[in-house]
$ cat data.pdb   # PDB, C-alpha atoms (C1' of nucleotides)
ATOM      1  CA  MET A   1      25.179-107.939 -34.217  1.00  0.00           C
ATOM      2  CA  SER A   2      26.830-111.232 -35.097  1.00  0.00           C
ATOM      3  CA  TYR A   3      30.432-112.284 -35.488  1.00  0.00           C
ATOM      4  CA  TRP A   4      32.003-114.522 -38.104  1.00  0.00           C
ATOM      5  CA  LEU A   5      35.321-115.936 -39.210  1.00  0.00           C
ATOM      6  CA  PHE A   6      36.117-115.747 -42.931  1.00  0.00           C
ATOM      7  CA  LYS A   7      38.972-117.808 -44.306  1.00  0.00           C
ATOM      8  CA  SER A   8      41.051-116.843 -47.256  1.00  0.00           C
ATOM      9  CA  GLU A   9      44.256-118.220 -48.674  1.00  0.00           C
ATOM     10  CA  PRO A  10      46.567-115.212 -48.764  1.00  0.00           C
ATOM     11  CA  SER A  11      48.014-116.441 -52.065  1.00  0.00           C
ATOM     12  CA  SER A  12      44.593-115.856 -53.625  1.00  0.00           C
ATOM     13  CA  TYR A  13      43.257-112.990 -51.457  1.00  0.00           C
ATOM     14  CA  SER A  14      45.069-111.535 -48.458  1.00  0.00           C
ATOM     15  CA  TRP A  15      44.401-108.917 -45.784  1.00  0.00           C
ATOM     16  CA  ASP A  16      46.684-106.566 -47.730  1.00  0.00           C
ATOM     17  CA  ASP A  17      44.528-107.091 -50.817  1.00  0.00           C
ATOM     18  CA  LEU A  18      41.499-106.108 -48.732  1.00  0.00           C
ATOM     19  CA  ILE A  19      43.281-102.952 -47.535  1.00  0.00           C
ATOM     20  CA  PHE A  20      44.176-102.112 -51.126  1.00  0.00           C
ATOM     21  CA  ASP A  21      40.666-102.756 -52.470  1.00  0.00           C
ATOM     22  CA  LYS A  22      38.902-101.058 -49.507  1.00  0.00           C
ATOM     23  CA  ILE A  23      35.883-103.257 -50.220  1.00  0.00           C
ATOM     24  CA  ALA A  24      35.925-106.934 -51.143  1.00  0.00           C
ATOM     25  CA  GLU A  25      33.147-108.797 -52.904  1.00  0.00           C
ATOM     26  CA  TRP A  26      33.240-112.137 -51.093  1.00  0.00           C
ATOM     27  CA  ASP A  27      32.429-114.284 -54.099  1.00  0.00           C
ATOM     28  CA  GLY A  28      33.253-117.864 -54.950  1.00  0.00           C
ATOM     29  CA  VAL A  29      31.909-119.612 -51.844  1.00  0.00           C
ATOM     30  CA  ARG A  30      30.659-122.996 -53.052  1.00  0.00           C
ATOM     31  CA  ASN A  31      29.582-124.797 -49.903  1.00  0.00           C
ATOM     32  CA  TYR A  32      25.930-124.991 -48.888  1.00  0.00           C
ATOM     33  CA  LYS A  33      26.440-124.383 -45.185  1.00  0.00           C
ATOM     34  CA  ALA A  34      28.531-121.299 -45.895  1.00  0.00           C
ATOM     35  CA  ARG A  35      26.017-120.242 -48.564  1.00  0.00           C
ATOM     36  CA  ASN A  36      23.224-120.335 -45.993  1.00  0.00           C
ATOM     37  CA  PHE A  37      25.190-118.022 -43.707  1.00  0.00           C
ATOM     38  CA  LEU A  38      25.824-115.635 -46.605  1.00  0.00           C
ATOM     39  CA  ARG A  39      22.235-115.692 -47.825  1.00  0.00           C
ATOM     40  CA  ASP A  40      20.285-115.792 -44.573  1.00  0.00           C
ATOM     41  CA  GLU A  41      22.296-114.676 -41.586  1.00  0.00           C
ATOM     42  CA  ILE A  42      25.175-112.324 -42.293  1.00  0.00           C
ATOM     43  CA  GLN A  43      24.014-108.722 -41.876  1.00  0.00           C
ATOM     44  CA  VAL A  44      25.437-105.279 -42.517  1.00  0.00           C
ATOM     45  CA  GLY A  45      27.529-104.276 -39.495  1.00  0.00           C
ATOM     46  CA  ASP A  46      28.461-107.835 -38.503  1.00  0.00           C
ATOM     47  CA  GLN A  47      32.116-108.121 -37.515  1.00  0.00           C
ATOM     48  CA  ILE A  48      34.501-110.568 -39.161  1.00  0.00           C
ATOM     49  CA  LEU A  49      37.718-112.227 -38.080  1.00  0.00           C
ATOM     50  CA  PHE A  50      39.838-112.358 -41.234  1.00  0.00           C
ATOM     51  CA  TYR A  51      41.815-115.610 -41.271  1.00  0.00           C
ATOM     52  CA  HIS A  52      44.693-116.605 -43.522  1.00  0.00           C
ATOM     53  CA  SER A  53      44.422-120.320 -44.246  1.00  0.00           C
ATOM     54  CA  ASN A  54      47.089-122.516 -45.798  1.00  0.00           C
ATOM     55  CA  SER A  55      49.629-120.057 -44.504  1.00  0.00           C
ATOM     56  CA  LYS A  56      52.810-120.171 -42.410  1.00  0.00           C
ATOM     57  CA  PRO A  57      51.410-120.068 -39.885  1.00  0.00           C
ATOM     58  CA  SER A  58      47.694-119.969 -40.569  1.00  0.00           C
ATOM     59  CA  CYS A  59      46.361-117.109 -38.460  1.00  0.00           C
ATOM     60  CA  ILE A  60      43.780-114.431 -37.798  1.00  0.00           C
ATOM     61  CA  VAL A  61      45.181-111.161 -39.089  1.00  0.00           C
ATOM     62  CA  GLY A  62      42.479-108.530 -38.764  1.00  0.00           C
ATOM     63  CA  ILE A  63      38.914-107.407 -38.215  1.00  0.00           C
ATOM     64  CA  ALA A  64      36.560-106.630 -41.094  1.00  0.00           C
ATOM     65  CA  GLU A  65      32.931-105.579 -41.298  1.00  0.00           C
ATOM     66  CA  VAL A  66      30.018-106.485 -43.550  1.00  0.00           C
ATOM     67  CA  VAL A  67      28.933-103.553 -45.732  1.00  0.00           C
ATOM     68  CA  ARG A  68      26.446-105.370 -47.953  1.00  0.00           C
ATOM     69  CA  SER A  69      24.366-108.399 -46.957  1.00  0.00           C
ATOM     70  CA  GLY A  70      23.707-111.466 -49.100  1.00  0.00           C
ATOM     71  CA  TYR A  71      23.089-111.078 -52.830  1.00  0.00           C
ATOM     72  CA  PRO A  72      23.471-113.532 -55.708  1.00  0.00           C
ATOM     73  CA  ASP A  73      27.059-114.437 -56.579  1.00  0.00           C
ATOM     74  CA  PHE A  74      27.367-113.234 -60.168  1.00  0.00           C
ATOM     75  CA  THR A  75      30.551-115.233 -60.760  1.00  0.00           C
ATOM     76  CA  ALA A  76      28.383-118.397 -60.730  1.00  0.00           C
ATOM     77  CA  LEU A  77      26.606-117.049 -63.839  1.00  0.00           C
ATOM     78  CA  ASP A  78      29.761-116.027 -65.660  1.00  0.00           C
ATOM     79  CA  LYS A  79      30.971-118.745 -68.032  1.00  0.00           C
ATOM     80  CA  THR A  80      34.454-117.232 -68.063  1.00  0.00           C
ATOM     81  CA  SER A  81      34.822-117.370 -64.255  1.00  0.00           C
ATOM     82  CA  ASN A  82      36.452-120.335 -62.503  1.00  0.00           C
ATOM     83  CA  HIS A  83      33.540-120.115 -60.099  1.00  0.00           C
ATOM     84  CA  PHE A  84      30.988-120.656 -62.883  1.00  0.00           C
ATOM     85  CA  ASP A  85      28.218-123.102 -61.987  1.00  0.00           C
ATOM     86  CA  SER A  86      25.826-124.154 -64.737  1.00  0.00           C
ATOM     87  CA  LYS A  87      23.199-125.128 -62.150  1.00  0.00           C
ATOM     88  CA  SER A  88      22.882-121.542 -60.899  1.00  0.00           C
ATOM     89  CA  LEU A  89      20.402-119.522 -62.977  1.00  0.00           C
ATOM     90  CA  PRO A  90      19.804-115.750 -63.034  1.00  0.00           C
ATOM     91  CA  ASP A  91      16.220-116.082 -61.774  1.00  0.00           C
ATOM     92  CA  ASN A  92      17.093-118.885 -59.350  1.00  0.00           C
ATOM     93  CA  PRO A  93      20.614-118.325 -58.045  1.00  0.00           C
ATOM     94  CA  ILE A  94      22.215-120.994 -55.880  1.00  0.00           C
ATOM     95  CA  TRP A  95      25.224-119.088 -54.587  1.00  0.00           C
ATOM     96  CA  PHE A  96      25.399-115.878 -52.582  1.00  0.00           C
ATOM     97  CA  MET A  97      28.014-113.360 -51.561  1.00  0.00           C
ATOM     98  CA  VAL A  98      28.454-110.337 -49.285  1.00  0.00           C
ATOM     99  CA  ASP A  99      30.731-107.298 -49.376  1.00  0.00           C
ATOM    100  CA  ILE A 100      33.182-106.544 -46.569  1.00  0.00           C
ATOM    101  CA  LYS A 101      35.611-103.782 -45.639  1.00  0.00           C
ATOM    102  CA  PRO A 102      38.683-103.809 -43.380  1.00  0.00           C
ATOM    103  CA  ILE A 103      38.377-102.238 -39.924  1.00  0.00           C
ATOM    104  CA  GLU A 104      41.574-102.922 -37.964  1.00  0.00           C
ATOM    105  CA  LYS A 105      44.626-105.085 -38.298  1.00  0.00           C
ATOM    106  CA  LEU A 106      45.526-107.082 -35.190  1.00  0.00           C
ATOM    107  CA  LEU A 107      48.708-105.782 -33.535  1.00  0.00           C
ATOM    108  CA  HIS A 108      49.817-109.389 -33.381  1.00  0.00           C
ATOM    109  CA  GLU A 109      48.447-112.238 -35.427  1.00  0.00           C
ATOM    110  CA  ILE A 110      46.669-115.090 -33.663  1.00  0.00           C
ATOM    111  CA  SER A 111      47.818-118.420 -35.052  1.00  0.00           C
ATOM    112  CA  LEU A 112      45.761-121.572 -35.198  1.00  0.00           C
ATOM    113  CA  LYS A 113      48.137-122.950 -32.578  1.00  0.00           C
ATOM    114  CA  ASP A 114      47.382-119.988 -30.274  1.00  0.00           C
ATOM    115  CA  ILE A 115      43.671-120.685 -30.689  1.00  0.00           C
ATOM    116  CA  LYS A 116      44.104-124.387 -29.927  1.00  0.00           C
ATOM    117  CA  ASN A 117      46.146-123.480 -26.855  1.00  0.00           C
ATOM    118  CA  THR A 118      43.416-121.196 -25.448  1.00  0.00           C
ATOM    119  CA  SER A 119      40.811-123.147 -23.508  1.00  0.00           C
ATOM    120  CA  GLU A 120      38.095-120.485 -23.911  1.00  0.00           C
ATOM    121  CA  LEU A 121      38.412-120.885 -27.689  1.00  0.00           C
ATOM    122  CA  LYS A 122      38.155-124.658 -27.820  1.00  0.00           C
ATOM    123  CA  ASP A 123      34.569-124.574 -29.143  1.00  0.00           C
ATOM    124  CA  MET A 124      35.301-122.212 -32.020  1.00  0.00           C
ATOM    125  CA  GLY A 125      33.699-123.153 -35.327  1.00  0.00           C
ATOM    126  CA  LEU A 126      37.151-122.883 -36.889  1.00  0.00           C
ATOM    127  CA  LEU A 127      38.201-125.942 -34.870  1.00  0.00           C
ATOM    128  CA  LYS A 128      34.915-127.843 -34.991  1.00  0.00           C
ATOM    129  CA  TYR A 129      34.206-127.425 -38.703  1.00  0.00           C
ATOM    130  CA  ALA A 130      37.759-127.226 -39.950  1.00  0.00           C
ATOM    131  CA  ARG A 131      36.920-127.199 -43.631  1.00  0.00           C
ATOM    132  CA  LEU A 132      34.131-124.600 -43.576  1.00  0.00           C
ATOM    133  CA  SER A 133      35.315-121.291 -45.004  1.00  0.00           C
ATOM    134  CA  ILE A 134      32.778-119.238 -43.025  1.00  0.00           C
ATOM    135  CA  THR A 135      32.048-120.061 -39.399  1.00  0.00           C
ATOM    136  CA  PRO A 136      30.072-118.292 -36.672  1.00  0.00           C
ATOM    137  CA  VAL A 137      32.015-116.752 -33.797  1.00  0.00           C
ATOM    138  CA  SER A 138      30.517-116.020 -30.374  1.00  0.00           C
ATOM    139  CA  HIS A 139      30.623-112.560 -28.801  1.00  0.00           C
ATOM    140  CA  ASN A 140      32.944-113.919 -26.147  1.00  0.00           C
ATOM    141  CA  GLU A 141      35.293-115.555 -28.642  1.00  0.00           C
ATOM    142  CA  PHE A 142      35.423-112.386 -30.708  1.00  0.00           C
ATOM    143  CA  PHE A 143      36.484-110.212 -27.789  1.00  0.00           C
ATOM    144  CA  ILE A 144      38.997-112.737 -26.474  1.00  0.00           C
ATOM    145  CA  ILE A 145      40.674-112.736 -29.883  1.00  0.00           C
ATOM    146  CA  ARG A 146      40.628-108.932 -30.135  1.00  0.00           C
ATOM    147  CA  LYS A 147      42.328-108.776 -26.780  1.00  0.00           C
ATOM    148  CA  MET A 148      44.873-111.479 -27.636  1.00  0.00           C
ATOM    149  CA  GLY A 149      45.546-109.539 -30.820  1.00  0.00           C
ATOM    150  CA  GLY A 150      46.388-106.436 -28.823  1.00  0.00           C
ATOM    151  CA  LEU A 151      43.258-104.407 -29.578  1.00  0.00           C
ATOM    152  CA  GLU A 152      41.145-102.656 -26.960  1.00  0.00           C
TER
ATOM    153  C1'  DG B   1      53.801-132.843 -50.918  1.00  0.00           C
ATOM    154  C1'  DC B   2      51.007-135.854 -48.070  1.00  0.00           C
ATOM    155  C1'  DC B   3      46.858-137.177 -46.446  1.00  0.00           C
ATOM    156  C1'  DA B   4      42.701-136.962 -43.215  1.00  0.00           C
ATOM    157  C1'  DA B   5      38.256-135.174 -43.181  1.00  0.00           C
ATOM    158  C1'  DC B   6      34.409-134.582 -45.460  1.00  0.00           C
ATOM    159  C1'  DG B   7      31.256-132.779 -49.181  1.00  0.00           C
ATOM    160  C1'  DT B   8      29.447-134.151 -53.761  1.00  0.00           C
ATOM    161  C1'  DT B   9      28.275-137.146 -57.513  1.00  0.00           C
ATOM    162  C1'  DG B  10      26.301-140.842 -59.746  1.00  0.00           C
ATOM    163  C1'  DG B  11      25.390-145.883 -60.382  1.00  0.00           C
ATOM    164  C1'  DC B  12      22.455-149.114 -58.729  1.00  0.00           C
TER
ATOM    165  C1'  DG C   1      18.131-143.847 -50.694  1.00  0.00           C
ATOM    166  C1'  DC C   2      22.638-146.121 -50.135  1.00  0.00           C
ATOM    167  C1'  DC C   3      27.291-145.894 -50.660  1.00  0.00           C
ATOM    168  C1'  DA C   4      31.686-146.115 -53.381  1.00  0.00           C
ATOM    169  C1'  DA C   5      34.431-143.126 -55.922  1.00  0.00           C
ATOM    170  C1'  DC C   6      36.110-138.902 -56.395  1.00  0.00           C
ATOM    171  C1'  DG C   7      37.395-134.004 -55.532  1.00  0.00           C
ATOM    172  C1'  DT C   8      38.603-130.301 -52.371  1.00  0.00           C
ATOM    173  C1'  DT C   9      40.233-128.097 -48.248  1.00  0.00           C
ATOM    174  C1'  DG C  10      43.698-127.043 -45.411  1.00  0.00           C
ATOM    175  C1'  DG C  11      46.861-128.470 -41.484  1.00  0.00           C
ATOM    176  C1'  DC C  12      51.136-130.315 -41.050  1.00  0.00           C
TER
END
$ encode --input "data.pdb" --output "structure tokens"
Amino acid sequence: MSYWLFKSEPSSYSWDDLIFDKIAEWDGVRNYKARNFLRDEIQVGDQILFYHSNSKPSCIVGIAEVVRSGYPDFTALDKTSNHFDSKSLPDNPIWFMVDIKPIEKLLHEISLKDIKNTSELKDMGLLKYARLSITPVSHNEFFIIRKMGGLE
DNA sequence: GCCAACGTTGGC
DNA sequence: GCCAACGTTGGC
């Protein structure tokens, strides 16, 4: 099993939206590195740190899980979507997405500042590739954050 | 709202 | 294939 951090701006899609929807289609990712994770690496059962970016403060708020592995992002084919991409074709899609569901909310949120202040977390992808919306998380990092968040 | 970091585009 | 211009992300 692998671990990941997914960023979302709460003004566009928040943890509470995920709770309400029960399952989220993680569409709209338009970065090749993140696309490769979605298409090739992220598997059903992988655990996700759900991160609110551009927030006050930006923080990890909960744990989610992958329920469907990579499949073509249909919003890239939809002319009416803001995520439409004319270069992506039905028989040769460029962009991929997964589905996720919420598992547990952290008892306390872990802010970016908390992460920066924790030496064991200094190599997190979140810090190293600050603008990537999907980053890998190590087993160790995942369990440190669970614990900091007040989960078993 | 500013701006640094960095990915993408397109002219050459 | 280089690189300047431009657009986007996201912390602050």
$ residues_around --input "data.pdb" --residues "A:Asn36" --least-positions-apart "4" --cutoff "12 Å" --atoms "all atoms listed in the file" --output "PyMOL selection string"
chain A and resi 29-32+40-42+70-72+94-98+132+134-136
$ resolve_selection --input "data.pdb" --expression "the PyMOL selection byres ((chain B) within 9 of (chain A))" --output "PDB file with C-alpha atoms (C1' of nucleotides), in the coordinates of the input"
ATOM      1  C1'  DA B   5      38.256-135.174 -43.181  1.00  0.00           C
ATOM      2  C1'  DC B   6      34.409-134.582 -45.460  1.00  0.00           C
ATOM      3  C1'  DG B   7      31.256-132.779 -49.181  1.00  0.00           C
TER       4       DG B   7
END
$ atom_distance --input "data.pdb" --atom1 "atom C1' of C:DG11" --atom2 "atom CA of A:Ser58"
8.6 Å
$ resolve_selection --input "data.pdb" --expression "the PyMOL selection byres ((chain A and resi 53) around 8)" --output "ChimeraX atom specification"
/A:7-10,51-52,54-55,58-59 /C:10
$ atom_distance --input "data.pdb" --atom1 "atom CA of A:Asp78" --atom2 "atom CA of A:Ile48"
27.5 Å
$ resolve_selection --input "data.pdb" --expression "the PyMOL selection byres ((chain B and resi 1) around 12)" --output "list of chain:residue names"
B:DC2, B:DC3, C:DC12
$ write_last_selection --input "data.pdb" --atoms "C-alpha atoms (C1' of nucleotides)" --output "PDB file, in the coordinates of the input"
ATOM      1  C1'  DC B   2      51.007-135.854 -48.070  1.00  0.00           C
ATOM      2  C1'  DC B   3      46.858-137.177 -46.446  1.00  0.00           C
TER       3       DC B   3
ATOM      4  C1'  DC C  12      51.136-130.315 -41.050  1.00  0.00           C
TER       5       DC C  12
END
$ build_atoms --input "data.pdb" --residues "stretch 116-142 of chain A" --atoms "N, CA, C and O atoms" --output "PDB file, in the coordinates of the input"
ATOM      1  N   LYS A 116      44.203-123.048 -30.521  1.00  0.00           N
ATOM      2  CA  LYS A 116      44.104-124.387 -29.927  1.00  0.00           C
ATOM      3  C   LYS A 116      44.617-124.408 -28.497  1.00  0.00           C
ATOM      4  O   LYS A 116      44.165-125.214 -27.682  1.00  0.00           O
ATOM      5  N   ASN A 117      45.564-123.517 -28.195  1.00  0.00           N
ATOM      6  CA  ASN A 117      46.146-123.480 -26.855  1.00  0.00           C
ATOM      7  C   ASN A 117      45.337-122.640 -25.871  1.00  0.00           C
ATOM      8  O   ASN A 117      45.746-122.487 -24.723  1.00  0.00           O
ATOM      9  N   THR A 118      44.227-122.053 -26.310  1.00  0.00           N
ATOM     10  CA  THR A 118      43.416-121.196 -25.448  1.00  0.00           C
ATOM     11  C   THR A 118      42.112-121.908 -25.122  1.00  0.00           C
ATOM     12  O   THR A 118      41.298-122.142 -26.016  1.00  0.00           O
ATOM     13  N   SER A 119      41.942-122.277 -23.849  1.00  0.00           N
ATOM     14  CA  SER A 119      40.811-123.147 -23.508  1.00  0.00           C
ATOM     15  C   SER A 119      39.471-122.485 -23.797  1.00  0.00           C
ATOM     16  O   SER A 119      38.522-123.152 -24.198  1.00  0.00           O
ATOM     17  N   GLU A 120      39.383-121.157 -23.643  1.00  0.00           N
ATOM     18  CA  GLU A 120      38.095-120.485 -23.911  1.00  0.00           C
ATOM     19  C   GLU A 120      37.727-120.526 -25.396  1.00  0.00           C
ATOM     20  O   GLU A 120      36.598-120.195 -25.754  1.00  0.00           O
ATOM     21  N   LEU A 121      38.677-120.882 -26.240  1.00  0.00           N
ATOM     22  CA  LEU A 121      38.412-120.885 -27.689  1.00  0.00           C
ATOM     23  C   LEU A 121      38.245-122.295 -28.240  1.00  0.00           C
ATOM     24  O   LEU A 121      38.159-122.487 -29.451  1.00  0.00           O
ATOM     25  N   LYS A 122      38.145-123.280 -27.332  1.00  0.00           N
ATOM     26  CA  LYS A 122      38.155-124.658 -27.820  1.00  0.00           C
ATOM     27  C   LYS A 122      36.888-125.038 -28.595  1.00  0.00           C
ATOM     28  O   LYS A 122      36.900-126.024 -29.332  1.00  0.00           O
ATOM     29  N   ASP A 123      35.805-124.265 -28.417  1.00  0.00           N
ATOM     30  CA  ASP A 123      34.569-124.574 -29.143  1.00  0.00           C
ATOM     31  C   ASP A 123      34.406-123.756 -30.421  1.00  0.00           C
ATOM     32  O   ASP A 123      33.333-123.771 -31.030  1.00  0.00           O
ATOM     33  N   MET A 124      35.443-123.030 -30.812  1.00  0.00           N
ATOM     34  CA  MET A 124      35.301-122.212 -32.020  1.00  0.00           C
ATOM     35  C   MET A 124      34.950-123.044 -33.244  1.00  0.00           C
ATOM     36  O   MET A 124      35.485-124.139 -33.446  1.00  0.00           O
ATOM     37  N   GLY A 125      34.072-122.495 -34.078  1.00  0.00           N
ATOM     38  CA  GLY A 125      33.699-123.153 -35.327  1.00  0.00           C
ATOM     39  C   GLY A 125      34.907-123.486 -36.178  1.00  0.00           C
ATOM     40  O   GLY A 125      34.943-124.520 -36.848  1.00  0.00           O
ATOM     41  N   LEU A 126      35.915-122.639 -36.131  1.00  0.00           N
ATOM     42  CA  LEU A 126      37.151-122.883 -36.889  1.00  0.00           C
ATOM     43  C   LEU A 126      37.738-124.249 -36.564  1.00  0.00           C
ATOM     44  O   LEU A 126      38.265-124.933 -37.440  1.00  0.00           O
ATOM     45  N   LEU A 127      37.649-124.648 -35.280  1.00  0.00           N
ATOM     46  CA  LEU A 127      38.201-125.942 -34.870  1.00  0.00           C
ATOM     47  C   LEU A 127      37.205-127.074 -35.116  1.00  0.00           C
ATOM     48  O   LEU A 127      37.593-128.168 -35.497  1.00  0.00           O
ATOM     49  N   LYS A 128      35.925-126.781 -34.896  1.00  0.00           N
ATOM     50  CA  LYS A 128      34.915-127.843 -34.991  1.00  0.00           C
ATOM     51  C   LYS A 128      34.559-128.199 -36.424  1.00  0.00           C
ATOM     52  O   LYS A 128      34.232-129.341 -36.741  1.00  0.00           O
ATOM     53  N   TYR A 129      34.548-127.198 -37.295  1.00  0.00           N
ATOM     54  CA  TYR A 129      34.206-127.425 -38.703  1.00  0.00           C
ATOM     55  C   TYR A 129      35.383-126.941 -39.537  1.00  0.00           C
ATOM     56  O   TYR A 129      35.311-125.907 -40.215  1.00  0.00           O
ATOM     57  N   ALA A 130      36.472-127.714 -39.466  1.00  0.00           N
ATOM     58  CA  ALA A 130      37.759-127.226 -39.950  1.00  0.00           C
ATOM     59  C   ALA A 130      37.758-126.856 -41.427  1.00  0.00           C
ATOM     60  O   ALA A 130      38.557-126.042 -41.859  1.00  0.00           O
ATOM     61  N   ARG A 131      36.862-127.453 -42.199  1.00  0.00           N
ATOM     62  CA  ARG A 131      36.920-127.199 -43.631  1.00  0.00           C
ATOM     63  C   ARG A 131      35.875-126.206 -44.116  1.00  0.00           C
ATOM     64  O   ARG A 131      35.764-125.962 -45.307  1.00  0.00           O
ATOM     65  N   LEU A 132      35.124-125.614 -43.184  1.00  0.00           N
ATOM     66  CA  LEU A 132      34.131-124.600 -43.576  1.00  0.00           C
ATOM     67  C   LEU A 132      34.826-123.242 -43.686  1.00  0.00           C
ATOM     68  O   LEU A 132      35.538-122.839 -42.768  1.00  0.00           O
ATOM     69  N   SER A 133      34.573-122.544 -44.781  1.00  0.00           N
ATOM     70  CA  SER A 133      35.315-121.291 -45.004  1.00  0.00           C
ATOM     71  C   SER A 133      34.680-120.101 -44.288  1.00  0.00           C
ATOM     72  O   SER A 133      35.298-119.053 -44.167  1.00  0.00           O
ATOM     73  N   ILE A 134      33.429-120.279 -43.820  1.00  0.00           N
ATOM     74  CA  ILE A 134      32.778-119.238 -43.025  1.00  0.00           C
ATOM     75  C   ILE A 134      32.181-119.911 -41.802  1.00  0.00           C
ATOM     76  O   ILE A 134      31.384-120.838 -41.939  1.00  0.00           O
ATOM     77  N   THR A 135      32.581-119.461 -40.614  1.00  0.00           N
ATOM     78  CA  THR A 135      32.048-120.061 -39.399  1.00  0.00           C
ATOM     79  C   THR A 135      31.589-118.970 -38.446  1.00  0.00           C
ATOM     80  O   THR A 135      32.164-117.881 -38.413  1.00  0.00           O
ATOM     81  N   PRO A 136      30.529-119.258 -37.666  1.00  0.00           N
ATOM     82  CA  PRO A 136      30.072-118.292 -36.672  1.00  0.00           C
ATOM     83  C   PRO A 136      31.066-118.195 -35.523  1.00  0.00           C
ATOM     84  O   PRO A 136      31.753-119.164 -35.205  1.00  0.00           O
ATOM     85  N   VAL A 137      31.137-117.020 -34.929  1.00  0.00           N
ATOM     86  CA  VAL A 137      32.015-116.752 -33.797  1.00  0.00           C
ATOM     87  C   VAL A 137      31.132-116.165 -32.699  1.00  0.00           C
ATOM     88  O   VAL A 137      30.275-115.327 -32.987  1.00  0.00           O
ATOM     89  N   SER A 138      31.335-116.587 -31.450  1.00  0.00           N
ATOM     90  CA  SER A 138      30.517-116.020 -30.374  1.00  0.00           C
ATOM     91  C   SER A 138      31.076-114.651 -29.973  1.00  0.00           C
ATOM     92  O   SER A 138      32.240-114.328 -30.238  1.00  0.00           O
ATOM     93  N   HIS A 139      30.224-113.870 -29.314  1.00  0.00           N
ATOM     94  CA  HIS A 139      30.623-112.560 -28.801  1.00  0.00           C
ATOM     95  C   HIS A 139      31.863-112.693 -27.936  1.00  0.00           C
ATOM     96  O   HIS A 139      32.845-111.954 -28.075  1.00  0.00           O
ATOM     97  N   ASN A 140      31.826-113.687 -27.058  1.00  0.00           N
ATOM     98  CA  ASN A 140      32.944-113.919 -26.147  1.00  0.00           C
ATOM     99  C   ASN A 140      34.236-114.254 -26.892  1.00  0.00           C
ATOM    100  O   ASN A 140      35.292-113.689 -26.622  1.00  0.00           O
ATOM    101  N   GLU A 141      34.119-115.163 -27.856  1.00  0.00           N
ATOM    102  CA  GLU A 141      35.293-115.555 -28.642  1.00  0.00           C
ATOM    103  C   GLU A 141      35.872-114.353 -29.386  1.00  0.00           C
ATOM    104  O   GLU A 141      37.092-114.157 -29.432  1.00  0.00           O
ATOM    105  N   PHE A 142      34.978-113.550 -29.938  1.00  0.00           N
ATOM    106  CA  PHE A 142      35.423-112.386 -30.708  1.00  0.00           C
ATOM    107  C   PHE A 142      36.254-111.446 -29.835  1.00  0.00           C
ATOM    108  O   PHE A 142      37.334-110.995 -30.234  1.00  0.00           O
TER     109      PHE A 142
END
